[in-house]
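**Q** Quick one, coords-v8.txt (compact mmCIF, N, CA, C and O atoms):
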# COMPACT_ATOMS: atom_id res chain seq x y z
N MET S 172 -0.41 13.17 -12.53
CA MET S 172 -1.58 12.35 -12.63
C MET S 172 -2.64 13.10 -13.41
O MET S 172 -2.77 14.31 -13.26
N GLU S 173 -3.37 12.38 -14.21
CA GLU S 173 -4.45 12.96 -14.98
C GLU S 173 -5.72 12.16 -14.72
O GLU S 173 -5.72 10.94 -14.83
N ALA S 174 -6.77 12.83 -14.32
CA ALA S 174 -8.04 12.16 -14.05
C ALA S 174 -8.98 12.38 -15.22
O ALA S 174 -8.90 13.39 -15.92
N GLY S 175 -9.86 11.41 -15.43
CA GLY S 175 -10.81 11.53 -16.52
C GLY S 175 -12.01 10.64 -16.29
O GLY S 175 -12.18 10.04 -15.22
N TRP S 176 -12.83 10.53 -17.31
CA TRP S 176 -14.06 9.74 -17.24
C TRP S 176 -13.97 8.64 -18.26
O TRP S 176 -13.68 8.88 -19.42
N GLU S 177 -14.21 7.41 -17.85
CA GLU S 177 -14.20 6.26 -18.76
C GLU S 177 -15.63 6.04 -19.23
O GLU S 177 -16.49 5.63 -18.46
N PRO S 178 -15.91 6.35 -20.51
CA PRO S 178 -17.30 6.36 -20.97
C PRO S 178 -17.97 4.98 -21.06
O PRO S 178 -19.18 4.88 -20.92
N PHE S 179 -17.21 3.93 -21.27
CA PHE S 179 -17.82 2.62 -21.47
C PHE S 179 -18.35 2.00 -20.18
O PHE S 179 -19.35 1.31 -20.17
N ARG S 180 -17.65 2.22 -19.08
CA ARG S 180 -18.10 1.70 -17.79
C ARG S 180 -18.70 2.78 -16.91
O ARG S 180 -19.20 2.50 -15.83
N GLY S 181 -18.60 4.03 -17.35
CA GLY S 181 -19.19 5.13 -16.60
C GLY S 181 -18.54 5.39 -15.26
O GLY S 181 -19.23 5.64 -14.27
N CYS S 182 -17.22 5.33 -15.20
CA CYS S 182 -16.54 5.58 -13.93
C CYS S 182 -15.33 6.49 -14.16
O CYS S 182 -14.84 6.64 -15.27
N ARG S 183 -14.87 7.08 -13.06
CA ARG S 183 -13.67 7.93 -13.12
C ARG S 183 -12.43 7.05 -13.18
O ARG S 183 -12.38 6.00 -12.55
N VAL S 184 -11.44 7.50 -13.92
CA VAL S 184 -10.17 6.79 -14.03
C VAL S 184 -9.03 7.79 -13.84
O VAL S 184 -9.24 9.00 -13.94
N ALA S 185 -7.86 7.29 -13.57
CA ALA S 185 -6.69 8.15 -13.42
C ALA S 185 -5.52 7.52 -14.16
O ALA S 185 -5.40 6.29 -14.23
N ALA S 186 -4.69 8.36 -14.72
CA ALA S 186 -3.47 7.91 -15.38
C ALA S 186 -2.29 8.61 -14.72
O ALA S 186 -2.35 9.81 -14.45
N VAL S 187 -1.25 7.86 -14.44
CA VAL S 187 -0.07 8.41 -13.78
C VAL S 187 1.09 8.38 -14.74
O VAL S 187 1.37 7.36 -15.37
N ASP S 188 1.79 9.50 -14.88
CA ASP S 188 3.03 9.56 -15.65
C ASP S 188 4.15 9.16 -14.69
O ASP S 188 4.67 9.98 -13.94
N PHE S 189 4.49 7.86 -14.69
CA PHE S 189 5.45 7.35 -13.71
C PHE S 189 6.85 7.88 -13.92
O PHE S 189 7.61 8.05 -12.96
N ALA S 190 7.23 8.17 -15.17
CA ALA S 190 8.55 8.75 -15.41
C ALA S 190 8.64 10.13 -14.76
O ALA S 190 9.64 10.47 -14.11
N ALA S 191 7.58 10.93 -14.91
CA ALA S 191 7.55 12.26 -14.29
C ALA S 191 7.52 12.15 -12.76
O ALA S 191 8.18 12.93 -12.06
N ALA S 192 6.79 11.18 -12.25
CA ALA S 192 6.72 10.98 -10.79
C ALA S 192 8.10 10.60 -10.24
O ALA S 192 8.52 11.10 -9.20
N ALA S 193 8.80 9.70 -10.95
CA ALA S 193 10.14 9.30 -10.51
C ALA S 193 11.10 10.48 -10.53
O ALA S 193 11.90 10.65 -9.61
N ASP S 194 11.01 11.31 -11.56
CA ASP S 194 11.85 12.51 -11.62
C ASP S 194 11.52 13.46 -10.47
O ASP S 194 12.41 14.02 -9.85
N ALA S 195 10.23 13.62 -10.19
CA ALA S 195 9.81 14.57 -9.16
C ALA S 195 10.32 14.18 -7.78
O ALA S 195 10.76 15.05 -7.02
N VAL S 196 10.27 12.90 -7.44
CA VAL S 196 10.69 12.50 -6.09
C VAL S 196 12.22 12.47 -5.95
O VAL S 196 12.73 12.32 -4.85
N GLN S 197 12.91 12.63 -7.06
CA GLN S 197 14.37 12.67 -6.98
C GLN S 197 14.91 14.09 -7.05
O GLN S 197 16.09 14.29 -7.25
N GLY S 198 14.04 15.06 -6.86
CA GLY S 198 14.54 16.42 -6.88
C GLY S 198 13.55 17.46 -6.40
O GLY S 198 13.79 18.15 -5.43
N VAL S 199 12.41 17.57 -7.05
CA VAL S 199 11.48 18.67 -6.81
C VAL S 199 10.54 18.41 -5.65
O VAL S 199 10.30 19.28 -4.82
N LEU S 200 9.97 17.24 -5.57
CA LEU S 200 8.92 16.93 -4.61
C LEU S 200 9.51 16.53 -3.26
O LEU S 200 10.26 15.57 -3.16
N PRO S 201 9.19 17.27 -2.20
CA PRO S 201 9.70 16.88 -0.89
C PRO S 201 8.99 15.63 -0.38
O PRO S 201 7.76 15.55 -0.41
N CYS S 202 9.77 14.65 0.05
CA CYS S 202 9.21 13.41 0.59
C CYS S 202 10.29 12.69 1.39
O CYS S 202 11.47 13.00 1.28
N SER S 203 9.87 11.73 2.17
CA SER S 203 10.81 10.94 2.96
C SER S 203 11.52 9.94 2.04
O SER S 203 11.08 9.70 0.91
N ASP S 204 12.60 9.35 2.53
CA ASP S 204 13.30 8.33 1.75
C ASP S 204 12.39 7.15 1.44
O ASP S 204 12.40 6.61 0.33
N GLY S 205 11.58 6.75 2.41
CA GLY S 205 10.66 5.63 2.21
C GLY S 205 9.61 5.94 1.15
O GLY S 205 9.32 5.12 0.28
N GLU S 206 9.05 7.14 1.22
CA GLU S 206 8.06 7.55 0.22
C GLU S 206 8.68 7.59 -1.18
O GLU S 206 8.08 7.15 -2.16
N ARG S 207 9.90 8.09 -1.25
CA ARG S 207 10.61 8.15 -2.52
C ARG S 207 10.78 6.75 -3.11
O ARG S 207 10.54 6.51 -4.29
N GLN S 208 11.16 5.82 -2.27
CA GLN S 208 11.39 4.46 -2.76
C GLN S 208 10.10 3.78 -3.19
O GLN S 208 10.09 3.01 -4.16
N VAL S 209 9.00 4.06 -2.51
CA VAL S 209 7.70 3.51 -2.92
C VAL S 209 7.36 3.98 -4.33
O VAL S 209 6.96 3.20 -5.19
N VAL S 210 7.54 5.27 -4.59
CA VAL S 210 7.25 5.82 -5.92
C VAL S 210 8.19 5.21 -6.95
O VAL S 210 7.76 4.85 -8.06
N LEU S 211 9.47 5.05 -6.61
CA LEU S 211 10.42 4.48 -7.57
C LEU S 211 10.12 3.02 -7.89
O LEU S 211 10.24 2.59 -9.04
N VAL S 212 9.69 2.24 -6.90
CA VAL S 212 9.31 0.85 -7.16
C VAL S 212 8.08 0.82 -8.05
O VAL S 212 8.01 0.04 -9.02
N ALA S 213 7.11 1.68 -7.77
CA ALA S 213 5.91 1.74 -8.62
C ALA S 213 6.28 2.14 -10.05
O ALA S 213 5.77 1.56 -11.02
N ALA S 214 7.17 3.12 -10.19
CA ALA S 214 7.60 3.55 -11.52
C ALA S 214 8.35 2.45 -12.25
O ALA S 214 8.21 2.28 -13.46
N SER S 215 9.11 1.68 -11.51
CA SER S 215 9.83 0.56 -12.12
C SER S 215 8.87 -0.50 -12.65
O SER S 215 9.03 -0.99 -13.77
N LEU S 216 7.87 -0.83 -11.85
CA LEU S 216 6.89 -1.83 -12.27
C LEU S 216 6.04 -1.33 -13.45
O LEU S 216 5.76 -2.08 -14.38
N ALA S 217 5.64 -0.07 -13.40
CA ALA S 217 4.71 0.46 -14.40
C ALA S 217 5.39 0.90 -15.68
O ALA S 217 4.82 0.76 -16.76
N ALA S 218 6.60 1.44 -15.57
CA ALA S 218 7.21 2.08 -16.74
C ALA S 218 8.64 1.64 -17.01
O ALA S 218 9.30 2.21 -17.87
N GLY S 219 9.13 0.65 -16.26
CA GLY S 219 10.48 0.15 -16.52
C GLY S 219 11.58 1.08 -16.04
O GLY S 219 12.72 0.96 -16.48
N ILE S 220 11.28 2.00 -15.15
CA ILE S 220 12.28 2.90 -14.59
C ILE S 220 13.20 2.07 -13.69
O ILE S 220 12.71 1.39 -12.78
N PRO S 221 14.52 2.10 -13.90
CA PRO S 221 15.41 1.31 -13.05
C PRO S 221 15.34 1.74 -11.59
O PRO S 221 15.24 2.93 -11.29
N VAL S 222 15.39 0.76 -10.69
CA VAL S 222 15.37 1.04 -9.26
C VAL S 222 16.34 0.10 -8.56
O VAL S 222 16.50 -1.06 -8.96
N ASP S 223 17.02 0.61 -7.56
CA ASP S 223 17.91 -0.21 -6.73
C ASP S 223 17.06 -0.83 -5.63
O ASP S 223 16.68 -0.17 -4.67
N LEU S 224 16.74 -2.12 -5.79
CA LEU S 224 15.85 -2.78 -4.82
C LEU S 224 16.46 -2.87 -3.43
O LEU S 224 15.74 -2.83 -2.43
N ARG S 225 17.77 -2.99 -3.34
CA ARG S 225 18.41 -3.03 -2.03
C ARG S 225 18.17 -1.71 -1.29
O ARG S 225 17.76 -1.70 -0.13
N GLU S 226 18.42 -0.59 -1.97
CA GLU S 226 18.19 0.72 -1.36
C GLU S 226 16.72 0.90 -1.02
O GLU S 226 16.37 1.40 0.06
N ALA S 227 15.84 0.46 -1.93
CA ALA S 227 14.40 0.60 -1.69
C ALA S 227 14.00 -0.16 -0.44
O ALA S 227 13.30 0.36 0.42
N ALA S 228 14.45 -1.40 -0.33
CA ALA S 228 14.08 -2.23 0.81
C ALA S 228 14.62 -1.66 2.12
O ALA S 228 13.95 -1.72 3.16
N LEU S 229 15.81 -1.11 2.09
CA LEU S 229 16.41 -0.57 3.31
C LEU S 229 15.75 0.72 3.77
O LEU S 229 15.80 1.07 4.95
N CYS S 230 15.11 1.44 2.85
CA CYS S 230 14.49 2.73 3.20
C CYS S 230 13.02 2.61 3.59
O CYS S 230 12.47 3.52 4.20
N MET S 231 12.37 1.51 3.22
CA MET S 231 10.93 1.37 3.48
C MET S 231 10.67 0.83 4.88
O MET S 231 11.44 0.04 5.39
N ASP S 232 9.55 1.27 5.45
CA ASP S 232 9.10 0.64 6.68
C ASP S 232 8.41 -0.68 6.31
O ASP S 232 8.24 -1.00 5.13
N ALA S 233 8.03 -1.45 7.31
CA ALA S 233 7.46 -2.78 7.07
C ALA S 233 6.18 -2.73 6.26
O ALA S 233 5.94 -3.57 5.39
N VAL S 234 5.33 -1.74 6.53
CA VAL S 234 4.05 -1.64 5.82
C VAL S 234 4.29 -1.38 4.34
O VAL S 234 3.70 -2.04 3.47
N ASN S 235 5.15 -0.42 4.01
CA ASN S 235 5.40 -0.12 2.61
C ASN S 235 6.18 -1.24 1.91
O ASN S 235 5.97 -1.49 0.73
N ALA S 236 7.04 -1.92 2.64
CA ALA S 236 7.74 -3.07 2.05
C ALA S 236 6.75 -4.17 1.70
O ALA S 236 6.85 -4.81 0.64
N ALA S 237 5.77 -4.39 2.58
CA ALA S 237 4.74 -5.40 2.30
C ALA S 237 3.91 -4.99 1.08
O ALA S 237 3.57 -5.81 0.24
N ARG S 238 3.59 -3.71 0.99
CA ARG S 238 2.83 -3.22 -0.17
C ARG S 238 3.62 -3.38 -1.46
O ARG S 238 3.08 -3.75 -2.50
N ALA S 239 4.92 -3.09 -1.40
CA ALA S 239 5.76 -3.24 -2.59
C ALA S 239 5.84 -4.71 -3.00
O ALA S 239 5.76 -5.03 -4.19
N ALA S 240 5.97 -5.61 -2.03
CA ALA S 240 6.00 -7.05 -2.33
C ALA S 240 4.69 -7.49 -2.98
O ALA S 240 4.68 -8.26 -3.94
N GLN S 241 3.59 -6.98 -2.48
CA GLN S 241 2.29 -7.31 -3.03
C GLN S 241 2.17 -6.77 -4.46
O GLN S 241 1.63 -7.44 -5.34
N ALA S 242 2.69 -5.58 -4.72
CA ALA S 242 2.64 -5.00 -6.07
C ALA S 242 3.48 -5.82 -7.05
O ALA S 242 3.08 -6.02 -8.19
N VAL S 243 4.64 -6.29 -6.60
CA VAL S 243 5.48 -7.13 -7.46
C VAL S 243 4.75 -8.42 -7.81
O VAL S 243 4.71 -8.84 -8.97
N CYS S 244 4.13 -9.05 -6.83
CA CYS S 244 3.37 -10.28 -7.09
C CYS S 244 2.20 -10.01 -8.03
O CYS S 244 1.93 -10.81 -8.94
N HIS S 245 1.53 -8.89 -7.87
CA HIS S 245 0.42 -8.53 -8.74
C HIS S 245 0.92 -8.33 -10.17
O HIS S 245 0.29 -8.81 -11.12
N ALA S 246 2.05 -7.66 -10.33
CA ALA S 246 2.61 -7.43 -11.67
C ALA S 246 3.01 -8.75 -12.33
O ALA S 246 2.97 -8.87 -13.56
N ALA S 247 3.36 -9.73 -11.52
CA ALA S 247 3.74 -11.04 -12.05
C ALA S 247 2.54 -11.93 -12.33
O ALA S 247 2.68 -13.07 -12.76
N GLY S 248 1.35 -11.40 -12.08
CA GLY S 248 0.13 -12.14 -12.39
C GLY S 248 -0.48 -12.87 -11.23
O GLY S 248 -1.47 -13.58 -11.38
N GLY S 249 0.08 -12.70 -10.05
CA GLY S 249 -0.45 -13.38 -8.88
C GLY S 249 -1.18 -12.42 -7.97
O GLY S 249 -0.78 -11.27 -7.82
N ARG S 250 -2.25 -12.87 -7.39
CA ARG S 250 -2.99 -12.07 -6.41
C ARG S 250 -2.70 -12.67 -5.05
O ARG S 250 -3.18 -13.75 -4.73
N VAL S 251 -1.88 -11.99 -4.28
CA VAL S 251 -1.52 -12.48 -2.96
C VAL S 251 -1.86 -11.42 -1.92
O VAL S 251 -1.94 -10.23 -2.23
N GLN S 252 -2.02 -11.86 -0.73
CA GLN S 252 -2.21 -10.95 0.39
C GLN S 252 -1.03 -11.14 1.32
O GLN S 252 -0.76 -12.26 1.76
N VAL S 253 -0.32 -10.07 1.58
CA VAL S 253 0.84 -10.13 2.47
C VAL S 253 0.33 -9.95 3.88
O VAL S 253 -0.34 -8.96 4.20
N VAL S 254 0.63 -10.89 4.75
CA VAL S 254 0.20 -10.84 6.14
C VAL S 254 1.42 -10.61 7.01
O VAL S 254 2.40 -11.35 6.90
N MET S 255 1.37 -9.59 7.84
CA MET S 255 2.48 -9.31 8.74
C MET S 255 2.09 -9.73 10.15
O MET S 255 0.94 -9.56 10.54
N GLU S 256 3.04 -10.25 10.87
CA GLU S 256 2.79 -10.62 12.27
C GLU S 256 2.74 -9.36 13.11
O GLU S 256 3.45 -8.39 12.86
N ALA S 257 1.91 -9.36 14.13
CA ALA S 257 1.81 -8.22 15.03
C ALA S 257 3.14 -7.98 15.72
O ALA S 257 3.80 -8.90 16.17
N GLY S 258 3.55 -6.73 15.78
CA GLY S 258 4.78 -6.37 16.47
C GLY S 258 6.03 -6.58 15.66
O GLY S 258 7.13 -6.41 16.16
N ARG S 259 5.89 -6.90 14.38
CA ARG S 259 7.09 -7.09 13.54
C ARG S 259 7.07 -6.17 12.37
O ARG S 259 6.15 -5.76 11.85
Here is the file; what I need is its structure written in the form of structure tokens.
**A**
Amino acid sequence: MEAGWEPFRGCRVAAVDFAAAADAVQGVLPCSDGERQVVLVAASLAAGIPVDLREAALCMDAVNAARAAQAVCHAAGGRVQVVMEAGR
């Protein structure tokens, strides 16, 4: 990740090298299977990195699966809020 300053709006911004992040979670960076899959789904959406959605879904907990679903909808141009039932 690289942080910087956006001069036109006067705010901080960040850029993520998703290919490097995907490589890191598949070898160098220690993380859980669920965390790894969250990064791989993000890398797939942002940079076209192939991801096995079945494996991703099976490794994520409900909260991260809901976040991934929301990210997919956002990438498709829709703004949705994923609501989970209590206890599920």
**Q** Apply DSSP to the structure's backbone, then extract all residues of chain S labelled strand (DSSP E) and return them as a list in words.
**A**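 Filtering chain S down to strand (DSSP E) leaves Glu173, Ala174, Gly175, Trp176, Glu177, Cys182, Arg183, Val184, Ala185 and Ala186 of chain S.
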**Q** One decimal, Å: what's the distance from atom CA of Met231 of chain S over to atom CA of Ser203 of chain S, could you say?
**A**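 Atom-to-atom, atom CA of Met231 of chain S to atom CA of Ser203 of chain S, that is 9.6 Å.
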**Q** Find, counting only C-alpha atoms, the residue in S:Val187, S:Ala193, S:Ala213, S:Glu206 that gets nearest to Met172 of chain S.
**A**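 Comparing S:Val187, S:Ala193, S:Ala213, S:Glu206 against Met172 of chain S, the winner is S:Val187.
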**Q** In Å to one decimal, how far is atom N of Arg225 of chain S from atom N of Glu173 of chain S?
**A** 28.3 Å
**Q** Just the number, please: distance in Å from atom N of Ala190 of chain S to atom CA of Ile220 of chain S, one decimal.
**A**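 Between these atoms lies a distance of 7.3 Å.
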**Q** Write out as a CSV table (one decimal) with N, CA, C and O atoms, in the coordinates of the input each polymer residue whose atoms come within 7 Å of Phe189 of chain S, counting only C-alpha atoms; drop sequence neighbours fewer than 2 positions from it.
**A**
chain,number,residue,atom,x,y,z
S,187,VAL,N,-1.2,7.9,-14.4
S,187,VAL,CA,-0.1,8.4,-13.8
S,187,VAL,C,1.1,8.4,-14.7
S,187,VAL,O,1.4,7.4,-15.4
S,191,ALA,N,7.6,10.9,-14.9
S,191,ALA,CA,7.6,12.3,-14.3
S,191,ALA,C,7.5,12.2,-12.8
S,191,ALA,O,8.2,12.9,-12.1
S,192,ALA,N,6.8,11.2,-12.2
S,192,ALA,CA,6.7,11.0,-10.8
S,192,ALA,C,8.1,10.6,-10.2
S,192,ALA,O,8.5,11.1,-9.2
S,193,ALA,N,8.8,9.7,-11.0
S,193,ALA,CA,10.1,9.3,-10.5
S,193,ALA,C,11.1,10.5,-10.5
S,193,ALA,O,11.9,10.6,-9.6
S,214,ALA,N,7.2,3.1,-10.2
S,214,ALA,CA,7.6,3.6,-11.5
S,214,ALA,C,8.4,2.4,-12.2
S,214,ALA,O,8.2,2.3,-13.5
S,217,ALA,N,5.6,-0.1,-13.4
S,217,ALA,CA,4.7,0.5,-14.4
S,217,ALA,C,5.4,0.9,-15.7
S,217,ALA,O,4.8,0.8,-16.8
S,218,ALA,N,6.6,1.4,-15.6
S,218,ALA,CA,7.2,2.1,-16.7
S,218,ALA,C,8.6,1.6,-17.0
S,218,ALA,O,9.3,2.2,-17.9
**Q** Return the padded bounding box of segment 213-229 of chain S as AutoDock Vina command-line options: axis-aligned, built from all atoms listed in the file, 5 Å added on each side, with centre and edge lengths in Å to one decimal.
**A**
--center_x 11.6 --center_y 0.3 --center_z -6.5 --size_x 23.7 --size_y 16.6 --size_z 32.8
**Q** With all atoms listed in the file as the basis for distance, which of S:Val196, S:Ala247, S:Ala233, S:Arg180 is at the shortest distance from Leu211 of chain S?
**A**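 Among the listed residues, the smallest separation from Leu211 of chain S belongs to S:Val196.
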**Q** Counting only N, CA, C and O atoms, which residue out of S:Gly181, S:Gly205, S:Gly249, S:Gly198 sits closest to Leu229 of chain S?
**A**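 Closest candidate: S:Gly205.
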**Q** Could you tell me which of S:Ala236, S:Val243, S:Ala195, S:Leu200 comes closest to Ser215 of chain S if we count only C-alpha atoms?
**A** S:Val243
**Q** My list of candidates is S:Ala186, S:Val251, S:Ala242, S:Ala237. Which is closest to Leu216 of chain S when distances are computed with only N, CA, C and O atoms?
**A** S:Ala242
**Q** Go through S:Asp194, S:Gln241, S:Gly248, S:Val209 and flag the residue nearest Ala227 of chain S, using all atoms listed in the file for the distances.
**A**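 Between S:Asp194, S:Gln241, S:Gly248, S:Val209, the residue approaching Ala227 of chain S most closely is S:Val209.
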